[in-house]
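Trainee: Just so it is clear, I am handing over query.txt, which has compact mmCIF, C-alpha atoms.
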# COMPACT_ATOMS: atom_id res chain seq x y z
CA MET A 144 0.00 0.00 0.00
CA GLY A 145 1.26 3.48 -0.79
CA ARG A 146 2.75 6.01 1.54
CA GLY A 147 0.63 8.93 0.42
CA THR A 148 1.03 12.51 1.58
CA GLY A 149 -0.13 14.38 4.64
CA VAL A 150 -0.55 12.97 8.13
CA HIS A 151 -2.45 10.18 9.82
CA LYS A 152 -5.39 12.13 11.25
CA VAL A 153 -6.56 9.51 13.75
CA GLY A 154 -3.03 9.07 15.12
CA LEU A 155 -2.40 12.80 15.52
CA THR A 156 -5.84 13.33 17.05
CA ALA A 157 -5.23 10.52 19.54
CA SER A 158 -1.79 11.93 20.38
CA LEU A 159 -3.19 15.43 20.91
CA LEU A 160 -6.06 14.19 23.07
CA GLY A 161 -3.59 12.14 25.12
CA PHE A 162 -1.33 15.17 25.66
CA LEU A 163 -4.25 17.36 26.71
CA SER A 164 -5.61 14.73 29.08
CA LEU A 165 -2.26 14.14 30.75
CA LEU A 166 -1.36 17.81 31.10
CA ALA A 167 -4.75 19.42 31.81
CA LEU A 168 -6.56 16.80 33.90
CA PRO A 169 -5.67 15.00 37.17
CA PHE A 170 -3.47 11.93 36.72
CA ALA A 171 -4.44 10.58 40.14
CA SER A 172 -6.74 11.32 43.06
CA VAL A 173 -5.65 10.80 46.68
CA ALA A 174 -8.07 10.41 49.61
CA GLY A 175 -7.42 9.57 53.26
CA SER A 176 -10.15 6.92 53.19
CA ARG A 177 -12.80 5.45 50.94
CA ILE A 178 -15.50 7.88 52.05
CA GLN A 179 -13.43 11.05 51.73
CA SER A 180 -13.23 13.21 48.64
CA GLY A 181 -10.00 12.80 46.76
CA VAL A 182 -7.39 15.49 46.19
CA PRO A 183 -6.46 15.67 42.48
CA LYS A 184 -2.81 15.34 41.48
CA ARG A 185 -1.48 16.39 38.09
CA LEU A 186 1.00 14.18 36.26
CA PHE A 187 4.17 16.05 37.36
CA GLN A 188 2.89 16.38 40.93
CA ALA A 189 2.18 12.67 41.18
CA THR A 190 5.19 11.19 39.45
CA GLY A 191 8.07 13.60 39.06
CA ALA A 192 10.04 14.30 35.89
CA PRO A 193 11.41 10.84 34.90
CA LEU A 194 8.12 8.94 34.97
CA SER A 195 6.23 11.90 33.51
CA ALA A 196 8.69 11.96 30.62
CA LEU A 197 8.18 8.22 30.11
CA VAL A 198 4.40 8.55 29.83
CA ILE A 199 4.52 11.64 27.63
CA GLY A 200 7.22 10.04 25.50
CA THR A 201 4.85 7.28 24.41
CA PHE A 202 2.47 9.89 22.99
CA VAL A 203 5.40 11.68 21.32
CA LEU A 204 6.19 8.36 19.63
CA MET A 205 2.55 8.03 18.54
CA ALA A 206 2.67 11.55 17.07
CA LEU A 207 5.93 10.90 15.20
CA LEU A 208 4.58 7.69 13.68
CA SER A 209 1.44 9.60 12.67
CA MET A 210 3.33 12.27 10.73
CA THR A 211 2.73 10.14 7.65
CA ARG A 212 -0.58 8.65 6.62
CA SER A 213 1.10 5.61 5.10
CA ARG A 214 -1.24 2.61 5.21
CA SER A 215 1.59 0.10 4.90
CA ARG A 216 1.36 -2.81 7.31
CA GLY A 217 4.57 -1.81 9.03
CA PHE A 218 3.43 1.72 9.84
CA ALA A 219 -0.05 0.58 10.84
CA PHE A 220 1.37 -2.03 13.19
CA ALA A 221 3.91 0.43 14.63
CA ARG A 222 1.21 3.02 15.34
CA GLY A 223 -1.01 0.44 17.03
CA ALA A 224 1.91 -0.96 19.03
CA SER A 225 2.94 2.53 20.21
CA ALA A 226 -0.63 3.19 21.35
CA GLY A 227 -0.65 -0.12 23.23
CA LEU A 228 2.67 0.84 24.83
CA ALA A 229 1.11 4.14 25.96
CA ILE A 230 -1.77 2.30 27.66
CA VAL A 231 0.60 -0.05 29.49
CA ALA A 232 2.91 2.80 30.51
CA ILE A 233 0.04 4.83 31.98
CA LEU A 234 -1.25 1.92 34.04
CA TRP A 235 2.22 0.90 35.23
CA VAL A 236 3.02 4.45 36.34
CA SER A 237 -0.42 4.68 37.97
CA GLY A 238 0.44 1.61 40.03
CA LEU A 239 3.74 3.18 41.14
CA VAL A 240 1.94 6.41 42.01
CA ALA A 241 -0.68 4.55 44.04
CA THR A 242 1.99 2.72 46.05
CA ASP A 243 3.99 5.88 46.70
CA LEU A 244 1.15 8.25 47.55
CA GLY A 245 -0.72 5.58 49.51
CA ALA A 246 2.27 4.99 51.77
CA LYS A 247 2.59 8.74 52.38
CA THR A 248 -1.13 9.26 53.07
CA GLY A 249 -1.92 6.51 55.57
CA GLN A 250 -3.22 2.99 56.15
CA PHE A 251 -6.69 3.64 54.76
CA ALA A 252 -5.62 5.77 51.80
CA ARG A 253 -7.32 5.44 48.44
CA VAL A 254 -5.37 6.44 45.36
CA SER A 255 -7.58 6.41 42.28
CA ILE A 256 -6.49 6.56 38.67
CA GLY A 257 -7.42 10.07 37.57
CA THR A 258 -9.54 11.34 34.70
CA GLY A 259 -6.44 12.49 32.86
CA ALA A 260 -5.02 8.96 32.86
CA TRP A 261 -8.31 7.43 31.73
CA GLY A 262 -8.69 10.07 29.01
CA ALA A 263 -5.20 9.31 27.69
CA ILE A 264 -5.93 5.57 27.77
CA LEU A 265 -9.10 6.10 25.72
CA ALA A 266 -7.19 8.26 23.23
CA ALA A 267 -4.55 5.56 22.78
CA ALA A 268 -7.23 2.88 22.48
CA MET A 269 -8.74 4.88 19.61
CA LEU A 270 -5.50 4.48 17.66
CA VAL A 271 -5.32 0.77 18.51
CA VAL A 272 -8.78 0.27 17.00
CA ALA A 273 -7.86 2.34 13.93
CA SER A 274 -4.68 0.32 13.41
CA ARG A 275 -6.58 -2.95 13.64
CA GLY A 276 -8.93 -1.69 10.95
CA GLU A 277 -5.98 -0.83 8.67
CA LEU A 278 -4.59 -4.34 9.21
CA ARG A 279 -7.78 -6.16 8.27
CA ASP A 280 -5.96 -7.76 5.34
CA SER A 281 -3.45 -9.21 7.80
CA PRO A 282 -5.48 -10.92 10.54
CA LEU A 283 -2.41 -12.04 12.50
CA LEU A 284 -0.99 -8.51 12.81
CA ALA A 285 -4.45 -7.14 13.60
CA ALA A 286 -4.84 -9.70 16.37
CA LEU A 287 -1.37 -8.86 17.74
CA VAL A 288 -2.11 -5.13 17.86
CA GLY A 289 -5.24 -5.82 19.91
CA ALA A 290 -3.83 -8.62 22.06
CA LEU A 291 -0.44 -7.21 23.08
CA PRO A 292 -1.72 -4.35 25.28
CA LEU A 293 -4.39 -6.61 26.74
CA VAL A 294 -1.86 -9.29 27.65
CA ALA A 295 0.50 -6.67 29.10
CA VAL A 296 -2.26 -5.15 31.26
CA VAL A 297 -3.27 -8.59 32.54
CA ALA A 298 0.39 -9.30 33.33
CA LEU A 299 0.61 -6.02 35.25
CA ALA A 300 -2.48 -6.91 37.28
CA LEU A 301 -1.27 -10.44 38.05
CA SER A 302 2.18 -9.18 39.05
CA GLY A 303 0.67 -6.95 41.73
CA ALA A 304 1.82 -3.73 40.09
CA LEU A 305 -1.69 -2.27 40.40
CA VAL A 306 -2.56 -3.69 43.82
CA ASP A 307 -2.48 -0.32 45.59
CA THR A 308 -4.85 1.45 43.21
CA GLY A 309 -8.37 2.17 44.43
CA LEU A 310 -9.79 -0.01 41.67
CA ALA A 311 -7.78 -3.03 42.81
CA LYS A 312 -8.77 -2.45 46.43
CA GLU A 313 -12.46 -2.37 45.51
CA TYR A 314 -12.01 -5.66 43.68
CA HIS A 315 -10.20 -7.19 46.67
CA ASN A 316 -12.96 -6.09 49.07
CA ASN A 317 -15.72 -7.44 46.79
CA ARG A 318 -13.91 -10.35 45.17
CA ASP A 319 -16.38 -13.14 45.91
CA ARG A 320 -19.42 -11.04 45.09
CA PHE A 321 -17.73 -9.66 41.99
CA TRP A 322 -17.53 -13.07 40.32
CA LYS A 323 -21.05 -13.95 41.42
CA GLU A 324 -22.53 -10.76 39.96
CA SER A 325 -20.44 -11.02 36.80
CA GLY A 326 -21.79 -14.54 36.30
CA ALA A 327 -25.34 -13.29 36.85
CA GLN A 328 -24.79 -10.48 34.34
CA LEU A 329 -23.50 -12.85 31.68
CA THR A 330 -26.11 -15.55 32.35
CA LEU A 331 -29.05 -13.16 32.13
CA ALA A 332 -27.74 -11.45 29.00
CA LEU A 333 -26.86 -14.63 27.08
CA SER A 334 -30.07 -16.40 28.10
CA ALA A 335 -32.15 -13.46 26.89
CA LEU A 336 -30.08 -13.21 23.71
CA GLY A 337 -30.60 -16.90 22.90
CA ILE A 338 -34.36 -16.73 23.42
CA ALA A 339 -34.62 -13.44 21.51
CA THR A 340 -32.67 -14.96 18.60
CA VAL A 341 -35.18 -17.80 18.28
CA ILE A 342 -38.25 -15.56 18.62
CA GLY A 343 -36.82 -12.74 16.50
CA SER A 344 -35.76 -15.06 13.68
CA ALA A 345 -39.22 -16.62 13.63
CA LEU A 346 -40.87 -13.20 13.49
CA ALA A 347 -38.52 -12.07 10.70
CA LEU A 348 -39.28 -15.21 8.68
CA LEU A 349 -43.00 -14.61 9.20
CA ALA A 350 -42.68 -11.00 7.99
CA PHE A 351 -40.67 -12.17 4.98
CA ARG A 352 -42.97 -15.04 3.99
CA VAL A 353 -46.25 -13.23 4.78
CA PRO A 354 -45.80 -9.57 3.74
CA ARG A 355 -49.02 -8.38 5.37
CA THR A 356 -47.57 -9.25 8.79
CA ARG A 357 -44.55 -6.98 8.32
CA LYS A 358 -46.10 -3.81 9.75
CA PRO A 359 -47.58 -5.49 12.85
CA VAL A 360 -44.32 -7.35 13.57
CA PHE A 361 -42.13 -4.28 13.25
CA GLY A 362 -44.70 -2.14 15.03
CA VAL A 363 -44.57 -4.36 18.12
CA VAL A 364 -40.77 -4.72 18.30
CA ASN A 365 -40.33 -0.98 17.71
CA LEU A 366 -42.81 -0.26 20.51
CA PHE A 367 -40.61 -2.13 23.02
CA GLN A 368 -37.73 0.26 22.23
CA THR A 369 -39.79 3.33 23.12
CA VAL A 370 -40.38 2.28 26.74
CA PRO A 371 -37.49 2.74 29.22
CA GLY A 372 -36.11 -0.47 30.66
CA LEU A 373 -36.92 0.39 34.27
CA ALA A 374 -40.47 1.27 33.27
CA LEU A 375 -40.88 -2.10 31.54
CA LEU A 376 -39.48 -3.82 34.60
CA GLY A 377 -41.90 -1.96 36.86
CA MET A 378 -44.87 -2.79 34.62
CA LEU A 379 -44.09 -6.50 34.90
CA VAL A 380 -43.92 -6.64 38.71
CA ALA A 381 -47.67 -6.67 39.46
CA PRO A 382 -48.87 -9.17 36.79
CA LEU A 383 -46.01 -11.57 37.47
CA ALA A 384 -46.66 -11.37 41.20
CA VAL A 385 -50.32 -12.31 40.60
CA ILE A 386 -49.32 -15.21 38.35
CA SER A 387 -46.79 -16.52 40.86
CA ARG A 388 -49.39 -16.49 43.66
CA ARG A 389 -51.94 -18.29 41.52
CA TYR A 390 -49.52 -20.94 40.25
CA PRO A 391 -47.16 -22.05 43.07
CA TYR A 392 -45.13 -24.24 40.71
CA LEU A 393 -44.13 -21.24 38.62
CA ARG A 394 -43.16 -19.40 41.78
CA SER A 395 -40.96 -22.32 42.82
CA ILE A 396 -38.91 -22.08 39.61
CA GLY A 397 -38.44 -18.32 39.91
CA VAL A 398 -41.40 -16.85 38.01
CA ARG A 399 -42.32 -13.95 40.27
CA GLY A 400 -42.56 -10.17 40.35
CA ILE A 401 -38.90 -9.70 41.26
CA GLY A 402 -35.83 -11.75 40.48
CA TRP A 403 -34.34 -13.05 37.25
CA PHE A 404 -37.57 -13.71 35.33
CA PRO A 405 -38.82 -10.13 34.76
CA VAL A 406 -35.26 -9.04 33.90
CA ILE A 407 -34.98 -11.68 31.17
CA ILE A 408 -38.34 -10.65 29.73
CA VAL A 409 -37.20 -7.02 29.51
CA LEU A 410 -33.90 -8.01 27.91
CA ILE A 411 -35.71 -10.16 25.34
CA MET A 412 -38.03 -7.28 24.44
CA TYR A 413 -35.09 -4.95 23.84
CA ALA A 414 -33.09 -7.53 21.85
CA LEU A 415 -35.88 -8.32 19.39
CA LEU A 416 -35.67 -5.22 17.19
CA PRO A 417 -32.06 -5.55 15.93
CA ILE A 418 -32.51 -9.30 15.38
CA VAL A 419 -35.85 -9.04 13.54
CA ARG A 420 -34.70 -6.07 11.47
CA ASN A 421 -31.39 -7.63 10.40
CA VAL A 422 -32.73 -11.11 9.66
CA TYR A 423 -35.52 -9.59 7.55
CA THR A 424 -33.10 -7.21 5.77
CA GLY A 425 -30.64 -10.01 5.11
CA LEU A 426 -33.31 -12.18 3.53
CA ARG A 427 -34.65 -9.29 1.43
CA ASN A 428 -31.18 -8.39 0.15
CA VAL A 429 -30.33 -11.82 -1.27
CA PRO A 430 -29.91 -11.21 -5.04
CA GLY A 431 -32.88 -12.38 -7.07
CA SER A 432 -30.55 -13.90 -9.67
CA VAL A 433 -29.12 -16.28 -7.06
CA VAL A 434 -32.63 -17.34 -5.97
CA ASP A 435 -33.69 -17.83 -9.61
CA ALA A 436 -30.63 -19.98 -10.19
CA GLY A 437 -31.63 -22.14 -7.25
CA ARG A 438 -35.14 -22.52 -8.58
CA GLY A 439 -33.68 -23.45 -11.94
CA MET A 440 -31.81 -26.26 -10.23
CA GLY A 441 -35.11 -27.61 -8.93
CA MET A 442 -34.89 -26.40 -5.32
CA THR A 443 -38.08 -26.13 -3.30
CA GLU A 444 -38.83 -22.97 -1.28
CA SER A 445 -37.66 -24.71 1.89
CA GLN A 446 -34.40 -25.73 0.22
CA LEU A 447 -33.91 -22.21 -1.11
CA MET A 448 -34.36 -20.84 2.41
CA ALA A 449 -31.96 -23.33 4.02
CA ARG A 450 -29.29 -23.44 1.31
CA VAL A 451 -29.43 -20.02 -0.34
CA ARG A 452 -31.25 -17.28 1.55
CA LEU A 453 -30.15 -17.98 5.12
CA PRO A 454 -26.43 -18.61 4.35
CA LEU A 455 -26.21 -15.40 2.28
CA ALA A 456 -28.09 -13.46 4.98
CA LEU A 457 -25.61 -14.53 7.70
CA PRO A 458 -23.43 -11.37 7.66
CA VAL A 459 -26.40 -9.05 8.15
CA PHE A 460 -27.91 -11.40 10.74
CA PHE A 461 -24.71 -11.45 12.80
CA SER A 462 -24.49 -7.67 12.65
CA GLY A 463 -27.89 -7.51 14.34
CA LEU A 464 -26.95 -10.25 16.79
CA ARG A 465 -23.86 -8.34 17.88
CA THR A 466 -25.93 -5.19 18.38
CA ALA A 467 -28.43 -7.15 20.47
CA ASP A 468 -25.56 -8.69 22.45
CA VAL A 469 -24.14 -5.29 23.43
CA GLN A 470 -27.63 -4.09 24.40
CA ALA A 471 -28.34 -7.19 26.47
CA ILE A 472 -25.00 -7.00 28.32
CA GLY A 473 -25.58 -3.34 29.17
CA ASN A 474 -29.28 -3.52 29.97
CA ALA A 475 -28.80 -6.48 32.30
CA THR A 476 -27.61 -4.02 34.95
CA ILE A 477 -31.28 -3.32 35.72
CA GLY A 478 -31.20 -6.65 37.55
CA ALA A 479 -29.86 -4.68 40.50
CA PHE A 480 -33.33 -3.12 40.87
CA ALA A 481 -35.13 -6.48 40.80
CA ALA A 482 -33.08 -8.44 43.36
CA ALA A 483 -31.39 -10.30 40.49
CA GLY A 484 -27.89 -9.07 41.25
CA THR A 485 -25.62 -8.28 38.22
CA LEU A 486 -22.84 -5.71 37.98
CA GLY A 487 -25.45 -2.99 38.35
CA VAL A 488 -25.12 -3.60 42.11
CA PHE A 489 -21.59 -2.16 42.04
CA ILE A 490 -22.42 0.68 39.68
CA PHE A 491 -25.46 1.95 41.56
CA GLN A 492 -23.95 1.29 44.99
CA GLY A 493 -20.81 3.15 43.96
CA LEU A 494 -22.84 6.12 42.70
CA ALA A 495 -24.83 6.24 45.93
CA GLN A 496 -21.67 6.14 48.05
CA GLN A 497 -19.63 8.35 45.70
CA ALA A 498 -17.16 5.48 45.48
CA PHE A 499 -16.12 5.97 41.88
CA ASP A 500 -13.62 3.12 41.89
CA LEU A 501 -16.53 0.80 42.64
CA VAL A 502 -18.44 2.32 39.70
CA LEU A 503 -15.40 1.73 37.49
CA LEU A 504 -15.10 -1.86 38.68
CA GLY A 505 -18.60 -2.59 37.42
CA SER A 506 -18.37 -0.45 34.29
CA LEU A 507 -15.01 -1.75 33.06
CA THR A 508 -16.18 -5.32 33.60
CA LEU A 509 -19.26 -4.56 31.50
CA VAL A 510 -17.03 -3.35 28.68
CA ALA A 511 -14.84 -6.45 28.98
CA LEU A 512 -17.86 -8.77 28.85
CA SER A 513 -19.21 -6.99 25.78
CA LEU A 514 -15.89 -7.27 23.98
CA LEU A 515 -15.53 -10.91 24.97
CA THR A 516 -18.97 -11.97 23.77
CA GLU A 517 -18.64 -9.94 20.57
CA GLY A 518 -15.32 -11.64 19.87
CA VAL A 519 -16.97 -15.04 20.28
CA LEU A 520 -19.77 -14.04 17.89
CA ILE A 521 -17.25 -12.82 15.31
CA ALA A 522 -15.38 -16.14 15.55
CA ILE A 523 -18.64 -18.06 15.02
CA GLN A 524 -19.55 -15.80 12.08
CA ARG A 525 -16.19 -16.43 10.42
CA ALA A 526 -16.50 -20.19 10.91
CA LEU A 527 -19.96 -20.18 9.31
CA ALA A 528 -18.73 -17.87 6.54
CA ARG A 529 -15.95 -20.30 5.63
CA ARG A 530 -18.48 -23.12 5.47
CA TYR A 531 -21.00 -21.28 3.31
CA GLY A 532 -18.55 -19.22 1.23
CA THR A 533 -19.52 -15.81 2.60
CA VAL A 534 -16.84 -13.14 2.60
CA VAL A 535 -16.04 -11.78 6.08
CA GLY A 536 -13.58 -8.99 6.86
CA ALA A 537 -11.25 -8.59 9.80
CA ASP A 538 -13.88 -6.71 11.75
CA GLY A 539 -16.43 -9.47 11.32
CA GLU A 540 -18.54 -7.68 8.74
CA GLY A 541 -19.52 -9.75 5.74
CA ALA A 542 -20.61 -9.42 2.15
CA ILE A 543 -22.09 -11.68 -0.44
CA PRO A 544 -19.34 -12.89 -2.79
Could you express the structure from this file as structure tokens?

Mentor:
Amino acid sequence: MGRGTGVHKVGLTASLLGFLSLLALPFASVAGSRIQSGVPKRLFQATGAPLSALVIGTFVLMALLSMTRSRSRGFAFARGASAGLAIVAILWVSGLVATDLGAKTGQFARVSIGTGAWGAILAAAMLVVASRGELRDSPLLAALVGALPLVAVVALALSGALVDTGLAKEYHNNRDRFWKESGAQLTLALSALGIATVIGSALALLAFRVPRTRKPVFGVVNLFQTVPGLALLGMLVAPLAVISRRYPYLRSIGVRGIGWFPVIIVLIMYALLPIVRNVYTGLRNVPGSVVDAGRGMGMTESQLMARVRLPLALPVFFSGLRTADVQAIGNATIGAFAAAGTLGVFIFQGLAQQAFDLVLLGSLTLVALSLLTEGVLIAIQRALARRYGTVVGADGEGAIP
């Protein structure tokens, strides 16, 4: 690929945002205890010149590598690797800062990673994502760009380098409950996604096969999106409570006004629209010439659906499934309001107590779960694409060959 002229706009933007975050916003926040308000510390106040130069130097490297907009694999990989290095450097220095300032402040000190550090991390992550996109023709390099910073951060955490940060202390204090609520979050979201996939696919097939049902089907699934999740949850409490009292067996298996059952119903309602819409669109967009060729070969309508329409609709279907997955993972936090647990417990408890490290513990785990499940869906999509001959890019998107 050619070098081109000019600069790499995403790289320079990420570098500039990183500089501004590090220099203008607090790098750390120090409090005497968990319930006290933290005192912000700028980068040079928290670390001193050598470590500050190290962190800033990674963004200087990002900027230098972005002075050309070359899309060659080497430059793309180097830019992504430099951004990953910046993320690791910020977290490593944050761990050193937490240990140093915590020891100076007292036994119950809380040293939180500041908004400046998080802003710089997000800026660097933006370049990592951009570099992965440029390397879509080289899946191995794209995977390395994404995996290297992740592996390095995990190694930092396991080595104990971050143990004195407020985030790590919140995890240590809530370790057992953290894994329980994470499991509840994932179980509720994936269960709802599986049920919604079956129901949504059936509704999309109905709308495709029987055109007069299209408006009612889409009208209903669109209606679910207009009602806030908490409102839907509240509307289900009374009728489910009545049903559970009338039918003791249903109550014994968890069908009641509060708990996991109403949460799953709400998640299913929200997941239906992207699934129905994308399955229907995928089926409608199958080229008529391909369908006619199948008919010319003597295929029945059922065979055309199973061997032609559905395989060629897979890319669009998986796009909707991934959207529904992200929605389900995020919306499952409402389980905290229905005695169903989930990571929403940490987020809402942290907001109530102004314990922002606890909020981050829940929020960052939500992001990790979303990325994990999306990665699994992309892997499944690619496996199916290889089987049915559908073209799939590095980002998981597909096209009909």

Trainee: Considering all atoms listed in the file, return as a PyMOL selection string whatever protein or nucleic-acid residues lie within 12 Å of range 394-397 of chain A, sequence-local ones (same chain, fewer than 5 positions apart) excluded.

Mentor: chain A and resi 383-389+402-407+482-483

Trainee: Skipping near chain neighbours, those fewer than 4 positions away, what residues fall within 12 Å of Phe251 in chain A using all atoms listed in the file, listed as a ChimeraX atom specification?

Mentor: /A:173-179,244-247,307-309,312

Trainee: Would you work out the distance separating CA of Ser225 in chain A from CA of Leu291 in chain A, expressed in Å to one decimal?

Mentor: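 Interatomic distance here is 10.7 Å.
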
Trainee: Which is closer to Ala286 in chain A than all the others in A:Gly343, A:Gly223, A:Gly259, A:Pro354, using only C-alpha atoms?

Mentor: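 Closest candidate: A:Gly223.
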
Trainee: Skip Lys323 in chain A itself and residues of its chain fewer than 4 positions away, then list as a list in words all residues within 8 Å of it, counting all atoms listed in the file.

Mentor: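 Listing them by chain and then by number gives Asp319, Ala327 and Thr485 of chain A.
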
Trainee: CA of Phe170 in chain A and CA of Gln250 in chain A are how many Å apart?

Mentor: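 Between these atoms lies a distance of 21.4 Å.
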
Trainee: Within 8 Å of Pro417 in chain A, counting all atoms listed in the file, which residues show up once you throw out same-chain ones fewer than 5 positions away? Write them as a compact mmCIF listing (two decimals) with C-alpha atoms, in the coordinates of the input, please.

Mentor:
# COMPACT_ATOMS: atom_id res chain seq x y z
CA GLY A 463 -27.89 -7.51 14.34
CA LEU A 464 -26.95 -10.25 16.79
CA THR A 466 -25.93 -5.19 18.38
CA ALA A 467 -28.43 -7.15 20.47

Trainee: If you measure from CA of Tyr413 in chain A to CA of Val380 in chain A, what distance in Å do you get, rounded to one decimal?

Mentor: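 According to the coordinates, CA of Tyr413 in chain A and CA of Val380 in chain A are separated by 17.4 Å.
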
Trainee: Taking into account only C-alpha atoms, which residue in the set A:Leu504, A:Ile408, A:Ala285, A:Ala232 is nearest to Ala263 in chain A?

Mentor: A:Ala232

Trainee: Give as a PyMOL selection string every residue, naming chains and numbers as the document does, that has an atom within 10 Å of (-37.3, -10.3, 14.6), counting all atoms listed in the file.

Mentor: chain A and resi 339-350+360-361+364+414-423+463

Trainee: Output, as JSON, the centre and edge lengths in Å (one decimal) of the axis-aligned box that contains all listed atoms of range 446-451 of chain A with 3 Å of margin on each side.

Mentor:
{"center_x": -31.8, "center_y": -22.9, "center_z": 1.5, "size_x": 11.1, "size_y": 11.7, "size_z": 11.1}

Trainee: Taking all atoms listed in the file into account, name the residue in A:Leu333, A:Leu293, A:Leu239, A:Leu287 that is nearest to Thr516 in chain A.

Mentor: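 Of A:Leu333, A:Leu293, A:Leu239, A:Leu287, the one nearest Thr516 in chain A is A:Leu333, counting all atoms listed in the file.
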
Trainee: Fewer than 4 positions away in the same chain doesn't count, so skip those; otherwise give me all residues within 7 Å of Ser158 in chain A, counting only C-alpha atoms, as a CSV table (one decimal) with C-alpha atoms, keeping the file's coordinate frame.

Mentor:
chain,number,residue,atom,x,y,z
A,154,GLY,CA,-3.0,9.1,15.1
A,162,PHE,CA,-1.3,15.2,25.7
A,202,PHE,CA,2.5,9.9,23.0
A,205,MET,CA,2.6,8.0,18.5
A,206,ALA,CA,2.7,11.6,17.1

Trainee: Which residue out of A:Leu457, A:Met448, A:Leu310, A:Leu265 has the minimum interatomic distance to Leu501 in chain A when all atoms listed in the file are used?

Mentor: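 Distance minimum relative to Leu501 in chain A lands on A:Leu310.
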
Trainee: Taking all atoms listed in the file into account, name the residue in A:Lys152, A:Arg320, A:Arg279, A:Arg253 that is nearest to Val306 in chain A.

Mentor: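 Counting all atoms listed in the file, the residue closest to Val306 in chain A is A:Arg253.
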
Trainee: Counting all atoms listed in the file, write as a PyMOL selection string all protein and nucleic acid residues lying at most 8 Å from (-32.5, -8.8, 30.1) in the file's frame.

Mentor: chain A and resi 331-332+335+405-411+413+471-472+474-475+477-478

Trainee: When you count all atoms listed in the file, which of these residues is closest to Trp261 in chain A: A:Leu207, A:Val240, A:Ala189, A:Leu507?

Mentor: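 Checking each of A:Leu207, A:Val240, A:Ala189, A:Leu507 against Trp261 in chain A, counting all atoms listed in the file, the winner is A:Leu507.
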
Trainee: Using the incomplete input, complete range 447-461 of chain A to the level of N, CA and C atoms; output as an mmCIF file, keeping the file's coordinate frame.

Mentor:
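out_18.cif written:
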data_model
loop_
_atom_site.group_PDB
_atom_site.id
_atom_site.type_symbol
_atom_site.label_atom_id
_atom_site.label_comp_id
_atom_site.auth_asym_id
_atom_site.auth_seq_id
_atom_site.Cartn_x
_atom_site.Cartn_y
_atom_site.Cartn_z
ATOM 1 N N LEU A 447 -34.450 -23.531 -0.805
ATOM 2 C CA LEU A 447 -33.910 -22.210 -1.110
ATOM 3 C C LEU A 447 -33.631 -21.423 0.182
ATOM 4 N N MET A 448 -34.540 -21.538 1.144
ATOM 5 C CA MET A 448 -34.360 -20.840 2.410
ATOM 6 C C MET A 448 -33.144 -21.376 3.169
ATOM 7 N N ALA A 449 -33.026 -22.711 3.222
ATOM 8 C CA ALA A 449 -31.960 -23.330 4.020
ATOM 9 C C ALA A 449 -30.600 -23.241 3.343
ATOM 10 N N ARG A 450 -30.566 -23.325 2.006
ATOM 11 C CA ARG A 450 -29.290 -23.440 1.310
ATOM 12 C C ARG A 450 -28.847 -22.163 0.602
ATOM 13 N N VAL A 451 -29.780 -21.238 0.406
ATOM 14 C CA VAL A 451 -29.430 -20.020 -0.340
ATOM 15 C C VAL A 451 -29.660 -18.769 0.501
ATOM 16 N N ARG A 452 -30.922 -18.539 0.884
ATOM 17 C CA ARG A 452 -31.250 -17.280 1.550
ATOM 18 C C ARG A 452 -30.551 -17.128 2.899
ATOM 19 N N LEU A 453 -30.714 -18.113 3.780
ATOM 20 C CA LEU A 453 -30.150 -17.980 5.120
ATOM 21 C C LEU A 453 -28.617 -17.889 5.113
ATOM 22 N N PRO A 454 -27.896 -18.755 4.364
ATOM 23 C CA PRO A 454 -26.430 -18.610 4.350
ATOM 24 C C PRO A 454 -25.963 -17.240 3.855
ATOM 25 N N LEU A 455 -26.623 -16.700 2.805
ATOM 26 C CA LEU A 455 -26.210 -15.400 2.280
ATOM 27 C C LEU A 455 -26.661 -14.247 3.170
ATOM 28 N N ALA A 456 -27.634 -14.503 4.051
ATOM 29 C CA ALA A 456 -28.090 -13.460 4.980
ATOM 30 C C ALA A 456 -27.280 -13.452 6.272
ATOM 31 N N LEU A 457 -26.357 -14.403 6.440
ATOM 32 C CA LEU A 457 -25.610 -14.530 7.700
ATOM 33 C C LEU A 457 -24.869 -13.254 8.118
ATOM 34 N N PRO A 458 -24.146 -12.566 7.208
ATOM 35 C CA PRO A 458 -23.430 -11.370 7.660
ATOM 36 C C PRO A 458 -24.337 -10.319 8.276
ATOM 37 N N VAL A 459 -25.475 -10.054 7.626
ATOM 38 C CA VAL A 459 -26.400 -9.050 8.150
ATOM 39 C C VAL A 459 -27.028 -9.539 9.452
ATOM 40 N N PHE A 460 -27.346 -10.830 9.521
ATOM 41 C CA PHE A 460 -27.910 -11.400 10.740
ATOM 42 C C PHE A 460 -26.948 -11.235 11.911
ATOM 43 N N PHE A 461 -25.674 -11.544 11.706
ATOM 44 C CA PHE A 461 -24.710 -11.450 12.800
ATOM 45 C C PHE A 461 -24.460 -10.011 13.219
#
